[in-house]
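Enquirer: You'll find entry24.cif just under this line, and it carries mmCIF, C-alpha atoms.
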```cif
data_final
#
loop_
_atom_site.label_atom_id
_atom_site.label_comp_id
_atom_site.auth_asym_id
_atom_site.auth_seq_id
_atom_site.Cartn_x
_atom_site.Cartn_y
_atom_site.Cartn_z
CA MET A 1 70.99 21.62 66.76
CA THR A 2 70.37 22.69 63.16
CA THR A 3 66.94 23.57 61.83
CA LEU A 4 66.77 20.36 59.79
CA GLU A 5 67.70 18.16 62.78
CA LEU A 6 65.18 19.91 65.03
CA THR A 7 62.44 19.60 62.40
CA ALA A 8 63.10 15.86 62.01
CA VAL A 9 63.15 15.18 65.76
CA VAL A 10 60.07 17.32 66.46
CA ALA A 11 58.10 15.83 63.54
CA SER A 12 58.77 12.23 64.56
CA GLY A 13 58.10 12.90 68.25
CA SER A 14 54.84 14.66 67.39
CA PHE A 15 53.86 11.81 65.08
CA ALA A 16 54.35 9.32 67.91
CA ALA A 17 52.38 11.54 70.32
CA GLY A 18 49.51 11.90 67.85
CA ALA A 19 49.38 8.18 67.09
CA LEU A 20 49.53 7.16 70.75
CA GLY A 21 46.92 9.77 71.64
CA ALA A 22 44.51 8.49 69.01
CA LEU A 23 45.13 4.82 69.86
CA THR A 24 44.59 5.24 73.58
CA GLY A 25 41.89 7.88 73.38
CA LEU A 26 43.81 9.84 76.00
CA GLY A 27 44.81 12.68 73.68
CA GLY A 28 48.37 13.18 72.48
CA GLY A 29 48.48 16.96 72.79
CA VAL A 30 49.30 16.82 76.47
CA VAL A 31 52.74 15.23 75.85
CA LEU A 32 53.81 17.73 73.16
CA VAL A 33 54.78 20.57 75.47
CA PRO A 34 56.81 18.32 77.84
CA LEU A 35 58.46 16.76 74.77
CA LEU A 36 59.57 20.17 73.51
CA VAL A 37 60.43 21.72 76.87
CA LEU A 38 62.05 18.79 78.69
CA GLY A 39 63.35 16.87 75.68
CA LEU A 40 64.63 19.67 73.47
CA GLY A 41 65.01 22.60 75.84
CA VAL A 42 62.51 24.76 73.98
CA ASP A 43 61.22 27.78 75.89
CA MET A 44 57.81 27.17 77.49
CA ARG A 45 56.14 29.95 75.49
CA TYR A 46 57.23 28.70 72.06
CA ALA A 47 56.22 25.17 73.07
CA VAL A 48 52.75 26.21 74.24
CA GLY A 49 52.21 28.30 71.07
CA ALA A 50 53.15 25.42 68.75
CA SER A 51 51.10 22.89 70.71
CA LEU A 52 47.99 25.06 70.74
CA VAL A 53 48.02 25.45 66.95
CA SER A 54 48.50 21.70 66.45
CA VAL A 55 45.51 21.00 68.69
CA ILE A 56 43.26 22.77 66.16
CA ALA A 57 44.50 20.49 63.37
CA THR A 58 43.87 17.21 65.20
CA SER A 59 40.49 18.34 66.51
CA SER A 60 39.21 19.53 63.13
CA GLY A 61 40.66 16.51 61.33
CA ALA A 62 39.05 13.98 63.66
CA ALA A 63 35.81 15.93 64.16
CA ALA A 64 35.13 15.82 60.43
CA ALA A 65 34.95 12.03 60.59
CA TYR A 66 32.88 11.92 63.79
CA VAL A 67 30.28 14.50 62.72
CA ARG A 68 29.36 12.39 59.73
CA GLU A 69 28.65 9.37 61.95
CA GLY A 70 25.93 11.31 63.75
CA TYR A 71 27.19 11.28 67.35
CA THR A 72 28.21 14.93 67.62
CA ASN A 73 25.56 17.24 69.07
CA LEU A 74 26.01 20.67 67.44
CA ARG A 75 23.69 22.46 69.87
CA ILE A 76 25.21 21.10 73.07
CA GLY A 77 28.68 21.76 71.65
CA MET A 78 27.83 25.32 70.64
CA LEU A 79 26.25 26.21 73.99
CA LEU A 80 29.22 24.86 75.94
CA GLU A 81 31.62 26.67 73.63
CA ILE A 82 30.46 29.92 75.28
CA ALA A 83 32.10 28.55 78.44
CA THR A 84 35.22 27.10 76.80
CA THR A 85 36.03 30.14 74.62
CA THR A 86 35.53 32.54 77.55
CA GLY A 87 37.82 30.33 79.63
CA ALA A 88 40.35 30.11 76.80
CA LEU A 89 40.53 33.90 76.45
CA ALA A 90 41.09 34.18 80.22
CA GLY A 91 43.69 31.41 80.15
CA ALA A 92 45.65 32.98 77.29
CA SER A 93 45.80 36.37 78.95
CA LEU A 94 46.78 34.66 82.20
CA ALA A 95 49.62 32.91 80.33
CA THR A 96 51.26 36.24 79.56
CA ARG A 97 51.17 37.27 83.24
CA VAL A 98 52.18 34.08 84.99
CA SER A 99 55.86 33.07 85.09
CA ALA A 100 57.08 30.01 83.17
CA PRO A 101 57.82 27.86 86.29
CA VAL A 102 54.25 28.37 87.55
CA VAL A 103 52.83 27.39 84.16
CA ALA A 104 55.14 24.34 84.18
CA ALA A 105 53.96 23.34 87.67
CA ILE A 106 50.29 23.60 86.65
CA PHE A 107 51.14 21.59 83.57
CA GLY A 108 52.72 18.92 85.76
CA ALA A 109 49.57 18.75 87.89
CA VAL A 110 47.40 18.31 84.79
CA LEU A 111 49.73 15.54 83.51
CA LEU A 112 49.48 13.82 86.88
CA TRP A 113 45.69 14.03 86.80
CA SER A 114 45.64 12.67 83.21
CA ALA A 115 47.87 9.77 84.23
CA LEU A 116 45.79 8.79 87.24
CA SER A 117 42.23 9.51 86.13
CA PRO A 118 40.28 6.37 85.27
CA THR A 119 39.44 5.64 81.65
CA PRO A 120 35.82 6.67 81.07
CA VAL A 121 33.62 3.63 80.55
CA GLU A 122 30.30 3.43 78.80
CA HIS A 123 27.49 3.78 81.30
CA ALA A 124 23.78 3.50 80.81
CA ALA A 125 22.47 6.68 79.16
CA ALA A 126 20.69 9.00 81.55
CA ASP A 127 16.95 9.39 81.68
CA ALA A 128 15.85 10.60 78.26
CA ARG A 129 13.38 13.11 79.73
CA PRO A 130 15.12 16.51 79.96
CA ASN A 131 14.80 18.58 83.13
CA ARG A 132 13.47 22.14 82.88
CA LEU A 133 16.69 23.94 82.04
CA ALA A 134 17.78 21.29 79.53
CA ALA A 135 14.32 21.34 77.96
CA ARG A 136 14.40 25.10 77.67
CA LEU A 137 17.82 25.02 76.01
CA ARG A 138 16.76 21.96 73.97
CA LEU A 139 19.82 19.99 75.12
CA ALA A 140 18.60 16.63 73.95
CA GLY A 141 19.03 14.48 70.90
CA THR A 142 19.33 10.98 69.58
CA TYR A 143 22.32 8.90 68.66
CA PRO A 144 22.61 5.87 66.40
CA GLU A 145 22.62 2.43 68.03
CA ARG A 146 22.20 -1.05 66.65
CA GLU A 147 18.49 -1.04 67.54
CA GLY A 148 17.99 2.39 65.93
CA GLU A 149 18.10 6.01 67.12
CA ARG A 150 18.27 6.28 70.91
CA PRO A 151 17.13 9.47 72.70
CA TYR A 152 19.13 11.21 75.44
CA ALA A 153 18.97 14.47 77.39
CA ALA A 154 21.54 16.56 79.27
CA ARG A 155 21.46 16.91 83.07
CA ASN A 156 23.35 19.24 85.47
CA VAL A 157 23.87 21.93 82.86
CA PRO A 158 25.36 24.53 85.27
CA ALA A 159 27.95 22.02 86.57
CA GLY A 160 28.85 21.08 82.99
CA PHE A 161 29.18 24.74 82.11
CA ALA A 162 31.51 25.39 85.06
CA LEU A 163 33.75 22.42 84.19
CA MET A 164 33.85 23.59 80.58
CA SER A 165 35.09 27.02 81.69
CA LEU A 166 37.91 25.29 83.58
CA ALA A 167 38.70 23.22 80.47
CA GLY A 168 38.92 26.48 78.50
CA VAL A 169 41.26 28.13 81.01
CA LEU A 170 43.60 25.11 80.97
CA SER A 171 43.53 25.00 77.18
CA GLY A 172 44.41 28.69 76.88
CA LEU A 173 47.05 28.58 79.62
CA LEU A 174 48.81 25.34 78.65
CA GLY A 175 48.20 25.06 74.90
CA ILE A 176 46.39 21.72 75.22
CA GLY A 177 42.98 20.55 74.03
CA SER A 178 41.92 19.51 77.57
CA GLY A 179 39.65 16.91 76.03
CA ALA A 180 39.77 14.90 79.26
CA VAL A 181 38.15 17.73 81.26
CA LYS A 182 35.59 18.27 78.50
CA VAL A 183 34.64 14.59 78.52
CA LEU A 184 34.45 14.75 82.34
CA ALA A 185 31.99 17.63 82.05
CA MET A 186 29.75 15.94 79.50
CA ASP A 187 30.08 12.29 80.49
CA ARG A 188 30.13 12.54 84.29
CA ALA A 189 28.38 15.82 85.06
CA MET A 190 25.84 16.12 82.25
CA ARG A 191 25.34 12.33 81.95
CA LEU A 192 25.48 12.37 78.17
CA PRO A 193 26.15 9.10 76.33
CA PHE A 194 29.85 8.30 76.10
CA LYS A 195 30.09 8.49 72.31
CA VAL A 196 28.24 11.81 72.25
CA SER A 197 30.57 13.19 74.97
CA THR A 198 33.84 12.17 73.30
CA THR A 199 32.91 13.25 69.79
CA THR A 200 31.29 16.53 70.83
CA SER A 201 34.33 17.24 73.03
CA ASN A 202 36.64 16.65 70.11
CA PHE A 203 34.50 18.92 67.95
CA MET A 204 34.75 21.72 70.56
CA ILE A 205 38.52 21.53 71.06
CA GLY A 206 39.30 23.35 67.80
CA VAL A 207 36.99 26.27 68.55
CA THR A 208 38.36 26.57 72.09
CA ALA A 209 41.95 26.56 70.85
CA ALA A 210 41.19 29.08 68.09
CA ALA A 211 40.01 31.57 70.73
CA SER A 212 43.42 31.67 72.44
CA ALA A 213 45.53 31.00 69.31
CA GLY A 214 44.90 34.57 68.12
CA ILE A 215 46.28 35.96 71.37
CA TYR A 216 49.34 33.69 71.21
CA LEU A 217 50.07 34.57 67.60
CA ALA A 218 49.72 38.32 68.19
CA ARG A 219 52.11 38.08 71.17
CA GLY A 220 54.75 36.31 69.07
CA TYR A 221 54.51 32.87 70.74
CA VAL A 222 53.81 30.99 67.48
CA ASP A 223 57.00 30.26 65.55
CA PRO A 224 56.17 28.81 62.10
CA VAL A 225 59.38 26.78 61.83
CA LEU A 226 58.66 25.03 65.16
CA ALA A 227 54.86 24.88 64.86
CA ALA A 228 54.92 23.31 61.37
CA PRO A 229 56.56 19.96 62.26
CA VAL A 230 54.50 19.78 65.47
CA THR A 231 51.23 20.37 63.62
CA LEU A 232 51.93 18.14 60.62
CA GLY A 233 53.44 15.41 62.81
CA VAL A 234 50.54 15.24 65.26
CA LEU A 235 47.97 15.43 62.47
CA ALA A 236 49.58 12.59 60.51
CA GLY A 237 50.08 10.55 63.69
CA SER A 238 46.46 10.91 64.81
CA LEU A 239 45.13 9.96 61.37
CA VAL A 240 47.34 6.86 61.24
CA GLY A 241 46.50 6.04 64.88
CA ALA A 242 42.75 6.29 64.25
CA ARG A 243 43.10 3.94 61.29
CA PHE A 244 44.71 1.19 63.40
CA LEU A 245 42.46 1.78 66.39
CA VAL A 246 40.49 -1.45 65.96
CA ARG A 247 43.48 -3.78 65.76
CA ALA A 248 45.68 -2.22 68.45
CA PRO A 249 46.24 -3.71 71.93
CA THR A 250 44.52 -0.72 73.52
CA HIS A 251 44.83 -1.85 77.12
CA ALA A 252 48.61 -2.34 77.01
CA LEU A 253 49.06 0.96 75.14
CA ARG A 254 47.04 2.82 77.78
CA THR A 255 49.23 1.43 80.53
CA ILE A 256 52.37 2.49 78.67
CA PHE A 257 50.92 5.93 78.00
CA ARG A 258 49.99 6.38 81.67
CA VAL A 259 53.55 5.54 82.74
CA VAL A 260 54.87 8.09 80.20
CA LEU A 261 52.47 10.73 81.54
CA LEU A 262 53.49 9.99 85.13
CA ALA A 263 57.19 10.31 84.29
CA LEU A 264 56.59 13.57 82.41
CA ALA A 265 54.52 14.94 85.29
CA ALA A 266 57.31 14.21 87.78
CA GLU A 267 59.97 15.72 85.51
CA MET A 268 57.86 18.79 84.74
CA ILE A 269 57.21 19.52 88.42
CA ARG A 270 60.87 18.84 89.33
CA SER A 271 62.08 21.21 86.60
CA ALA A 272 59.69 23.90 87.74
CA TRP A 273 60.83 23.42 91.36
CA THR A 274 64.57 23.53 90.63
CA GLY A 275 64.14 26.53 88.31
CA ARG A 276 65.32 24.72 85.23
CA ILE A 277 62.28 26.01 83.30
CA MET B 278 12.23 17.33 67.83
CA ASP B 279 10.28 17.07 64.59
CA GLU B 280 11.56 15.15 61.61
CA ASP B 281 12.18 18.21 59.40
CA ARG B 282 14.44 19.80 61.94
CA ARG B 283 16.36 16.58 62.46
CA LEU B 284 17.01 16.27 58.73
CA ALA B 285 18.04 19.93 58.52
CA ASP B 286 20.42 19.39 61.46
CA ARG B 287 21.92 16.38 59.74
CA ALA B 288 22.48 18.32 56.49
CA LEU B 289 24.11 21.15 58.44
CA GLU B 290 26.38 18.71 60.27
CA ILE B 291 27.59 17.22 57.01
CA VAL B 292 28.35 20.63 55.49
CA VAL B 293 30.26 21.51 58.67
CA ALA B 294 32.24 18.24 58.42
CA ARG B 295 33.25 19.01 54.83
CA LEU B 296 34.34 22.51 55.78
CA LEU B 297 36.52 21.25 58.63
CA GLN B 298 38.20 18.68 56.42
CA GLY B 299 38.77 21.16 53.59
CA GLY B 300 40.23 23.77 55.95
CA VAL B 301 42.66 21.35 57.57
CA LEU B 302 43.74 19.96 54.20
CA LEU B 303 44.34 23.43 52.75
CA ALA B 304 46.28 24.48 55.86
CA ALA B 305 48.39 21.31 55.78
CA VAL B 306 49.29 21.86 52.11
CA ILE B 307 50.33 25.49 52.69
CA VAL B 308 52.28 24.66 55.87
CA THR B 309 54.08 21.77 54.14
CA GLY B 310 54.98 23.93 51.13
CA GLY B 311 56.26 26.82 53.24
CA SER B 312 58.27 24.51 55.51
CA LEU B 313 59.91 22.62 52.66
CA VAL B 314 61.01 25.84 50.96
CA PHE B 315 62.32 27.21 54.26
CA LEU B 316 64.20 23.99 55.00
CA GLY B 317 65.64 24.00 51.48
CA ARG B 318 67.16 27.40 52.16
CA HIS B 319 67.99 27.19 55.88
CA ALA B 320 68.51 23.50 56.72
CA GLY B 321 71.87 24.12 58.41
CA ASP B 322 70.93 27.24 60.36
CA PRO B 323 71.24 26.99 64.15
CA THR B 324 67.99 27.10 66.15
CA HIS B 325 67.18 29.62 68.83
CA TYR B 326 64.28 28.31 70.89
CA ARG B 327 66.06 27.97 74.24
CA SER B 328 65.28 31.51 75.22
CA PHE B 329 62.21 33.49 74.30
CA HIS B 330 62.60 36.46 71.99
CA GLY B 331 59.11 36.62 70.52
CA GLU B 332 58.42 36.41 66.82
CA PRO B 333 59.21 39.42 64.61
CA HIS B 334 56.25 41.69 63.89
CA ALA B 335 56.24 40.42 60.30
CA LEU B 336 54.87 37.10 61.66
CA ARG B 337 52.36 38.49 64.14
CA SER B 338 49.54 40.14 62.20
CA VAL B 339 47.34 39.03 59.33
CA ARG B 340 48.36 41.98 57.16
CA ALA B 341 52.10 41.51 57.69
CA ILE B 342 51.87 37.74 57.17
CA LEU B 343 49.96 38.20 53.91
CA GLU B 344 52.48 40.78 52.68
CA GLY B 345 55.37 38.49 53.56
CA ALA B 346 53.75 35.44 52.00
CA PHE B 347 53.10 37.21 48.70
CA ALA B 348 56.66 38.54 48.73
CA GLY B 349 57.81 34.90 48.83
CA ASP B 350 59.03 34.69 52.43
CA ALA B 351 58.81 30.97 53.31
CA ARG B 352 58.22 31.54 57.03
CA ALA B 353 55.35 33.93 56.26
CA VAL B 354 53.84 31.30 53.91
CA THR B 355 54.00 28.70 56.71
CA GLN B 356 52.45 31.18 59.15
CA LEU B 357 49.70 31.85 56.58
CA GLY B 358 48.93 28.12 56.60
CA LEU B 359 48.64 28.25 60.39
CA LEU B 360 46.28 31.24 60.03
CA VAL B 361 44.09 29.15 57.70
CA LEU B 362 44.10 26.45 60.36
CA ILE B 363 43.00 28.92 63.05
CA ALA B 364 40.31 30.29 60.71
CA THR B 365 38.77 26.84 60.12
CA PRO B 366 36.89 26.50 63.43
CA VAL B 367 35.89 30.16 63.22
CA ALA B 368 34.32 29.53 59.80
CA ARG B 369 32.54 26.51 61.19
CA VAL B 370 30.94 28.58 63.98
CA ALA B 371 29.87 31.19 61.40
CA LEU B 372 28.40 28.46 59.22
CA ALA B 373 26.55 26.95 62.18
CA ALA B 374 25.09 30.40 62.98
CA LEU B 375 23.87 30.65 59.40
CA GLY B 376 22.41 27.14 59.54
CA PHE B 377 20.57 27.83 62.79
CA ALA B 378 19.23 31.08 61.31
CA LEU B 379 17.96 29.22 58.24
CA GLU B 380 16.21 26.76 60.57
CA ARG B 381 14.66 29.80 62.32
CA ASP B 382 16.21 28.68 65.59
CA ARG B 383 16.64 32.07 67.25
CA LEU B 384 18.08 30.78 70.52
CA TYR B 385 20.94 28.91 68.89
CA THR B 386 21.56 31.56 66.25
CA GLY B 387 22.18 33.85 69.21
CA VAL B 388 24.40 31.30 70.94
CA ALA B 389 26.51 30.80 67.80
CA LEU B 390 26.81 34.57 67.27
CA LEU B 391 27.95 34.98 70.89
CA VAL B 392 30.68 32.34 70.38
CA LEU B 393 31.65 34.08 67.14
CA GLY B 394 31.93 37.36 69.05
CA LEU B 395 34.19 35.74 71.66
CA LEU B 396 36.39 34.32 68.90
CA ALA B 397 36.52 37.72 67.19
CA PHE B 398 37.68 39.22 70.49
CA GLY B 399 40.51 36.69 70.70
CA LEU B 400 41.53 37.31 67.10
CA SER B 401 41.17 41.09 67.28
CA GLY B 402 44.87 41.56 68.08
CA LEU B 403 45.96 40.04 64.77
#
```
Before we go any further, please render this structure as structure tokens.

Expert:
Amino acid sequence: MTTLELTAVVASGSFAAGALGALTGLGGGVVLVPLLVLGLGVDMRYAVGASLVSVIATSSGAAAAYVREGYTNLRIGMLLEIATTTGALAGASLATRVSAPVVAAIFGAVLLWSALSPTPVEHAAADARPNRLAARLRLAGTYPEREGERPYAARNVPAGFALMSLAGVLSGLLGIGSGAVKVLAMDRAMRLPFKVSTTTSNFMIGVTAAASAGIYLARGYVDPVLAAPVTLGVLAGSLVGARFLVRAPTHALRTIFRVVLLALAAEMIRSAWTGRI
Amino acid sequence: MDEDRRLADRALEIVVARLLQGGVLLAAVIVTGGSLVFLGRHAGDPTHYRSFHGEPHALRSVRAILEGAFAGDARAVTQLGLLVLIATPVARVALAALGFALERDRLYTGVALLVLGLLAFGLSGL
């Protein structure tokens, strides 16, 4: 394949991944590495390097819009970034020690989990009175609702912190944003309002990825000719996807995306097993 | 939370949003420019991503990338755009630290500086 052909294929595939990720809210980054590795035979390390850089672009691009709406909680995000960046540094150094088939198998497991995990639904916001630890760390805030500003407070901070460390490790090891684990930590464990969880998670993804991106770049995993169409494609796709979010048949798209994830998970694990990766 | 602090937080959040958008836009412009020039020169070249060789040292450190970019190497220009992209969230953490310091919030100034330190550790190899 020539450089021009590869650029065209990678850019359009990344565009589709970004658009589908934004439309379904399931994150498109997780299909990039399988697309490159299984679809185009790209080495795992180049694929992870390119994907990781693109994650920063989509996170920062989308976060800019969310922050302005007033859902993102800078303090909660910043505190949890201690956990995600530490995890990301560990994950990136792990990536250079673990063999490609093992990374591929872990990737397959994460794809499987993404495919099968239920879509987070809006639940009643937790008790607005913070417990002692949350009060001490001032992990509370308000978010805009139709009736005005509504107060909330974080719960289970240690559990949230632990899950965030795991999200960081997966991000650094696999070159993904691991937004799903971050939302799990904030939405399920810390009982934060859904909108606050998703937007703050998105805001954190870029910082988490930047922590391991330096390690990847210094080790020669980031190829500009491959990373450019991935980054620009996903960024354009996610912006277009976010624009059509309101009109799209979200439910049908989610089902399609889950089937895609399931197929990729099976193929990723099979390839790792048979030594094709 | 008192009203003053809430308004200060809001102002900080909006500055941060602008910074993120500006950084991504700048990175996208540089990456697009570098890629187009490279494609113009090397469209028909075969690709070599099936096996891992690692990037040349000219594309692995900030100094080498800057030197290459100013010498007109299209791949180094693209890599420079990716460096700008990586720098964007780092700048936003630094800005948040400054904002918290201006609000005299010592706890979160410390938290932001700790995150900045972790990021610096990750980027120290560049």

Enquirer: Using only C-alpha atoms, which residues of chain B come within 7 Å of chain A, and what is the closest atom pair for each, with the distance in Å to one decimal? Give it as a Markdown table, sorted by chain and residue number.

Expert:
```
| residue | atom | partner | partner_atom | distance |
| --- | --- | --- | --- | --- |
| B:Glu290 | CA | A:Val67 | CA | 6.2 |
| B:Ile291 | CA | A:Arg68 | CA | 5.8 |
| B:Ala294 | CA | A:Ala64 | CA | 4.3 |
| B:Arg295 | CA | A:Ala64 | CA | 6.7 |
| B:Leu297 | CA | A:Ser60 | CA | 5.5 |
| B:Gln298 | CA | A:Ala64 | CA | 5.8 |
| B:Val301 | CA | A:Ala57 | CA | 6.1 |
| B:Ala305 | CA | A:Leu232 | CA | 6.8 |
| B:Val308 | CA | A:Ala228 | CA | 6.2 |
| B:Ser312 | CA | A:Val225 | CA | 6.8 |
| B:Leu316 | CA | A:Leu4 | CA | 6.5 |
| B:Ala320 | CA | A:Leu4 | CA | 4.7 |
| B:Gly321 | CA | A:Thr2 | CA | 5.2 |
| B:Asp322 | CA | A:Thr2 | CA | 5.4 |
| B:Pro323 | CA | A:Thr2 | CA | 4.5 |
| B:Thr324 | CA | A:Thr3 | CA | 5.7 |
| B:Tyr326 | CA | A:Val42 | CA | 5.0 |
| B:Arg327 | CA | A:Val42 | CA | 4.8 |
| B:Ser328 | CA | A:Asp43 | CA | 5.6 |
| B:Phe329 | CA | A:Asp43 | CA | 6.0 |
| B:Gly331 | CA | A:Gly220 | CA | 4.6 |
| B:Glu332 | CA | A:Gly220 | CA | 4.3 |
| B:Arg337 | CA | A:Ala218 | CA | 4.8 |
| B:Ser338 | CA | A:Ala218 | CA | 6.3 |
| B:Arg352 | CA | A:Pro224 | CA | 6.1 |
| B:Thr355 | CA | A:Pro224 | CA | 5.8 |
| B:Gln356 | CA | A:Pro224 | CA | 5.3 |
| B:Leu362 | CA | A:Ala57 | CA | 6.7 |
| B:Ile363 | CA | A:Ala210 | CA | 5.4 |
| B:Pro366 | CA | A:Val207 | CA | 5.1 |
| B:Val367 | CA | A:Val207 | CA | 6.7 |
| B:Val388 | CA | A:Leu79 | CA | 6.2 |
| B:Ala389 | CA | A:Met78 | CA | 6.3 |
| B:Val392 | CA | A:Ile82 | CA | 5.5 |
| B:Leu395 | CA | A:Thr85 | CA | 6.6 |
| B:Leu396 | CA | A:Ala211 | CA | 4.9 |
| B:Gly399 | CA | A:Ala211 | CA | 5.1 |
| B:Leu400 | CA | A:Gly214 | CA | 4.5 |
| B:Gly402 | CA | A:Ala218 | CA | 5.8 |
| B:Leu403 | CA | A:Ala218 | CA | 5.4 |
```

Enquirer: When you count all atoms listed in the file, which of these residues is closest to B:Ile307: B:Val370, B:Val354, B:Leu384, B:Leu390?

Expert: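 Looking at the shortest contact to B:Ile307, the residue is B:Val354.
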
Enquirer: Any idea what the distance is between atom CA of A:Arg155 and atom CA of A:Arg191?

Expert: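 Computed distance, atom CA of A:Arg155 to atom CA of A:Arg191, equals 6.1 Å.
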
Enquirer: Nearest to B:Ala304 among B:Leu360, B:Ala346, B:Ala288, B:Ala335, with distances taken over only C-alpha atoms: which residue is it?

Expert: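 Looking only at the distances to B:Ala304, the closest residue turns out to be B:Leu360.
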
Enquirer: Assuming the chain letters and numbering stay as they are in my file, what does the PyMOL selection byres ((chain A and resi 185) around 10) actually select? List them as a list in words.

Expert: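 Evaluating the PyMOL selection byres ((chain A and resi 185) around 10) on this file yields Leu80, Asn156, Val157, Ala159, Gly160, Phe161, Ala162, Leu163, Met164, Ser165, Leu166, Ala167, Gly179, Ala180, Val181, Lys182, Val183, Leu184, Met186, Asp187, Arg188, Ala189, Met190, Arg191, Leu192, Ser197 and Ser201 of chain A.
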
Enquirer: When the PyMOL selection byres ((chain A and resi 103-115) around 6) is applied to the structure above, which residues does it catch, written out as a list in words?

Expert: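 Applying the PyMOL selection byres ((chain A and resi 103-115) around 6) to the structure shown produces Ala100, Pro101, Val102, Leu116, Ser117, Arg258, Leu261, Leu262, Ala265, Met268, Ile269 and Ala272 of chain A.
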
Enquirer: Tell me which residues the PyMOL selection byres ((chain A and resi 16) around 9) grabs here, as an MDAnalysis selection string.

Expert: chainID A and resid 11:15 17:21 28 233:234 237:238

Enquirer: So, with only C-alpha atoms as the atoms that count, which of A:Ala252, A:Val33, A:Val230, A:Val48 lies closest to B:Leu359?

Expert: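 The closest residue to B:Leu359 is A:Val230.
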